[in-house]
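Here's the structure, in structure tokens; my notes come after.
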Amino acid sequence: MLSDIRPIEANCDFKDEIFRVPLAFGAGVIKSVTSFTVRLEVENRKGKRAIGLGNVLLSDLWGFPTPHITHEKKDTAMREIGRKYARLISEYRTYAHPVDIYMDTVGELERISREVEKELDLGEPIPQLAAKLCMAPVDAALHDAFGAANGVSSYDAYGPEFMEHDLSAYLGSDYRGKYISDYIRKNYTTSLPVFHLVGGKDKLRKEDITDSDPKDGLPVSLDEWIRRDGIFCFKIKLKGNDLDWDTRRIIEVADVVMENAGYMGNPEFYFSVDTNEMCDSPEYMVELLKKLKAEKKEAFDALLYVEQPTERDLEAHRFDMRPLAAIKPVLADEGVTTLHAVDVALGLGWSGLALKTCKGHSFTLLCMAKCEQEGKSYSVQDLTNPGFSLIQSVGLAARINPIMGVEYNSRQYIPWADKEIQEAHLDVFTVRQGRVMTGSIGGLGLGYGETIVAS
């Protein structure tokens with residue numbers, strides 16, 4: 001197809017982002033993280049060239065949680081995987097659609113990971129999730145550049161007029177004649193509810209704030225955030241191995257939310273909960289939900305879904321998730337990095353998937369199409385996305401049909417990141433009445449804006 005592109009050159013940039021408050025979840029506490037941005041030039045068959053951009057936070061604590069390897073060594077490894085994959089894409093000489101380029105090269109991540117493992121003498125394999133994280137900004141840049149080179153929104157380029165293959169090439173014969181475009185909205189929805197992250201160390205009430213907390217004019221406690229932003233959707237991080245603490249934490253959050261209901265931009269409030277794989281079995285979460293329903297029914301009723309309660313290796317114990325899914329939807333996150341893993345999860349009774357663009361834009365689109373076709377639930381979450389990666393995530397959520405809204409954590413933990421991008425998309429980065437507006441996302445590619453891409 002004339003719209004097919006070939007990569008020309010990829011440039012990688014890394015910078016450190018320091019969190020204003022620690023982010024605590026199952027595997028530990030994040031105080032700083034590497035931001036990885038890729039700038040990729042491509043050319044289509046007509047000779048039209050364009051630049052695409054992608055960004056991700058290289059969260060080794062999430063993607064590479066091995067405790068006996070230092071953060072510095074894991075961060076070095078992830079940067080090197082990103083560089084090597086970007087180099088691989090730069091040398092890809094076939095004209096193709098970004099999804100086909102992804103499918104043709106994603107298998108190389110294992111080889112690249114093994115190379116880096118040996119070069120740094122890590123002593124054990126680099127997790128697949130970490131490798132997917134490192135390739136994600138390159139994949140995003142391909143999609144962004146494809147749209148720009150062909151003068152369209154990337155989301156308008158997933159049908160037969162732009163794609164040589166239908167979904168059967170990726171998802172099997174049941175998808176013959178179907179395209180990603182069949183599952184995408186024709187336009188961006190104008191606004192999206194925002195999920196606010198309540199980390200394990202986050203303060204809940206203003207009176208909990210101490211002299212050691214930030215004094216930068218931004219909210220610190222949950223009640224302050226509700227009063228400023230009108231938020232009504234909350235993602236609560238739990239321990240997953242302390243039933244009383246987890247139940248109490250949900251109830252405490254619910255109490256604060258209900259006390260501040262008059263400030264919310266919606267008459268009802270909603271929760272999701274995430275133990276980041278720390279539950280020994282799904283029975284833990286079954287017991288927690290029963291306990292929560294008995295002790296605080298309002299909080300139980302507000303719970304939309306449970307995220308990845310058990311280990312990321314879905315086949316290690318092959319837990320039957322149906323008893324839990326019968327109570328509340330349960331979504332797989334860290335456990336799904338391949339299309340095979342999607343089939344495994346759905347076969348084991350998981351209700352659906354937690355979609356994250358940090359696993360790759362192409363992969364996320366294919367997962368979304370599969371969920372839509374099979375009637376499974378999905379959410380759109382972030383990895384504390386700043387700048388380009390937040391625009392990408394919000395733009396995706398606005399063109400599909402996730403549960404309720406989209407996560408937006410960077411305003412809590414790295415609100416100063418990529419200020420020039422924030423200023424160009426104020427409505428995306430400003431939460432009002434618990435929502436962000438999408439009006440500035442549009443035009444070519446993933447919707448960053450021509451001025452930003454050119455800078």
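Simple scheme: letters A, B, ... for chains in structure tokens order, numbers from 1 for residues in each chain, numbers from 1 for ligands in the order shown.
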List as a compact mmCIF listing (two decimals) with C-alpha atoms, in the first residue's frame the protein and nucleic acid residues near A:Leu426, meaning an atom at most 10 Å away when only C-alpha atoms are counted, but skip any in the same chain fewer than 2 places from it.
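What ended up in part.txt:
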# COMPACT_ATOMS: atom_id res chain seq x y z
CA LYS A 419 5.62 21.45 31.08
CA GLU A 420 5.76 22.61 27.45
CA ILE A 421 3.53 19.69 26.44
CA GLN A 422 1.15 20.41 29.31
CA GLU A 423 0.82 24.02 28.20
CA ALA A 424 -0.08 22.94 24.67
CA VAL A 428 -5.85 17.17 28.89
CA PHE A 429 -3.61 17.89 31.87
CA THR A 430 -6.18 19.83 33.92
CA VAL A 431 -8.79 17.89 35.85
CA VAL A 436 -10.23 15.77 31.49
CA MET A 437 -11.24 17.21 28.13
CA THR A 438 -9.88 15.88 24.86
CA GLY A 439 -10.45 18.82 22.52
CA SER A 440 -6.76 19.53 21.97
Within 10 Å of stretch 68-81 of chain A using only C-alpha atoms, minus same-chain residues under 2 positions, as a PyMOL selection string: chain A and resi 12-14+33-36+58-61+63-66+83-87+109-110+112-117+119-124+126+130-135
Go ahead and dump the residues you just picked, C-alpha atoms, as a tab-separated table (two decimals), in the first residue's frame.
chain	number	residue	atom	x	y	z
A	12	CYS	CA	16.53	8.06	21.97
A	13	ASP	CA	16.50	10.45	24.90
A	14	PHE	CA	16.53	9.59	28.60
A	33	VAL	CA	12.14	6.90	37.42
A	34	THR	CA	13.69	7.19	33.95
A	35	SER	CA	11.62	8.85	31.23
A	36	PHE	CA	12.41	7.42	27.78
A	58	LEU	CA	11.03	2.79	32.53
A	59	SER	CA	9.59	1.58	35.82
A	60	ASP	CA	11.87	-1.33	36.71
A	61	LEU	CA	10.03	-1.83	40.00
A	63	GLY	CA	8.43	-4.36	34.87
A	64	PHE	CA	11.60	-5.87	36.39
A	65	PRO	CA	10.93	-6.35	40.12
A	66	THR	CA	13.79	-8.80	40.80
A	83	ARG	CA	18.32	1.65	22.39
A	84	LYS	CA	18.82	-1.73	20.73
A	85	TYR	CA	15.18	-2.06	19.71
A	86	ALA	CA	15.17	1.50	18.36
A	87	ARG	CA	18.30	0.62	16.36
A	109	LEU	CA	12.94	-8.58	22.02
A	110	GLU	CA	13.88	-11.93	23.52
A	112	ILE	CA	17.89	-8.36	22.58
A	113	SER	CA	17.10	-9.09	26.23
A	114	ARG	CA	19.49	-12.05	26.25
A	115	GLU	CA	22.23	-9.88	24.75
A	116	VAL	CA	21.78	-7.22	27.42
A	117	GLU	CA	21.58	-9.83	30.17
A	119	GLU	CA	26.58	-7.80	28.53
A	120	LEU	CA	25.65	-6.64	32.04
A	121	ASP	CA	26.18	-10.03	33.67
A	122	LEU	CA	22.72	-9.91	35.29
A	123	GLY	CA	22.71	-13.62	36.03
A	124	GLU	CA	19.08	-14.21	35.12
A	126	ILE	CA	15.13	-10.04	31.86
A	130	ALA	CA	10.34	-5.14	31.10
A	131	ALA	CA	11.32	-5.69	27.47
A	132	LYS	CA	7.83	-4.72	26.25
A	133	LEU	CA	8.10	-1.55	28.32
A	134	CYS	CA	11.36	-0.64	26.58
A	135	MET	CA	10.01	-1.11	23.06
Taking only C-alpha atoms into account, produce a table as a Markdown table in which each residue of stretch 245-307 of chain A with an atom at most 12 Å from an atom of stretch 28-31 of chain A appears once, together with its shortest atom pair and the distance in Å to one decimal, ordered by chain and rising number.
| residue | atom | partner | partner_atom | distance |
| --- | --- | --- | --- | --- |
| A:Thr275 | CA | A:Gly28 | CA | 11.6 |
| A:Asn276 | CA | A:Gly28 | CA | 10.2 |
| A:Met278 | CA | A:Gly28 | CA | 11.2 |
Write the residues of the preceding selection, restricted to N, CA, C and O atoms, as a PDB file, in the first residue's frame.
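part_22.pdb was written with the following content:
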ATOM      1  N   THR A 275      -3.646  -5.157  43.977  1.00  0.00           N
ATOM      2  CA  THR A 275      -2.645  -5.671  44.915  1.00  0.00           C
ATOM      3  C   THR A 275      -1.309  -5.926  44.228  1.00  0.00           C
ATOM      4  O   THR A 275      -0.364  -6.405  44.873  1.00  0.00           O
ATOM      5  N   ASN A 276      -1.216  -5.617  42.922  1.00  0.00           N
ATOM      6  CA  ASN A 276       0.033  -5.848  42.169  1.00  0.00           C
ATOM      7  C   ASN A 276       0.597  -7.251  42.404  1.00  0.00           C
ATOM      8  O   ASN A 276       1.741  -7.422  42.798  1.00  0.00           O
ATOM      9  N   MET A 278       0.201  -9.566  44.642  1.00  0.00           N
ATOM     10  CA  MET A 278       0.694 -10.004  45.949  1.00  0.00           C
ATOM     11  C   MET A 278      -0.187 -11.052  46.635  1.00  0.00           C
ATOM     12  O   MET A 278       0.189 -11.590  47.677  1.00  0.00           O
TER      13      MET A 278
END
Looking at only C-alpha atoms, which of A:His340, A:Arg176, A:Lys235, A:Lys15 is the one that sits closest to A:Val306?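 Checking each candidate against A:Val306, we get A:Lys235 as the closest.
Between atom CA of A:Arg248 and atom CA of A:Tyr284 there is a distance of 14.9 Å.
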What are the DSSP strand (DSSP E or B) residues of stretch 185-404 of chain A, as a ChimeraX atom specification? /A:191-198,233-237,270-274,303-307,330-332,352-356,377-381
DSSP-assigned helix (DSSP H, G or I) members of stretch 145-313 of chain A, reported as an MDAnalysis selection string: chainID A and resid 145:149 154:156 168:171 173:175 180:183 206:208 222:229 243:259 261:263 282:295 297:302
Interatomic distance, atom CA of A:Val330 to atom CA of A:Asp174 (Å, one decimal):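 These atoms are spaced 24.8 Å apart.
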Exercise: A:Pro22 partners within 12 Å, only C-alpha atoms, chain neighbours under 6 positions left out, as a ChimeraX atom specification: /A:28-33,198-203,212-214,220,412-414
A:Glu9: which residues within 7 Å, counting only C-alpha atoms, same-chain residues fewer than 5 positions away excluded, as a ChimeraX atom specification? /A:40-41,90
Select, from A:Ser389, A:Asn150, A:Ser191, A:Asn44, the residue with the minimum atom-to-atom distance to A:Asp427, counting only C-alpha atoms. A:Ser191
Of the listed residues A:Val21, A:Ala149, A:Asn11, A:Val342, that which approaches A:Lys215 most closely, counting only C-alpha atoms: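 Nearest to A:Lys215: A:Val21.
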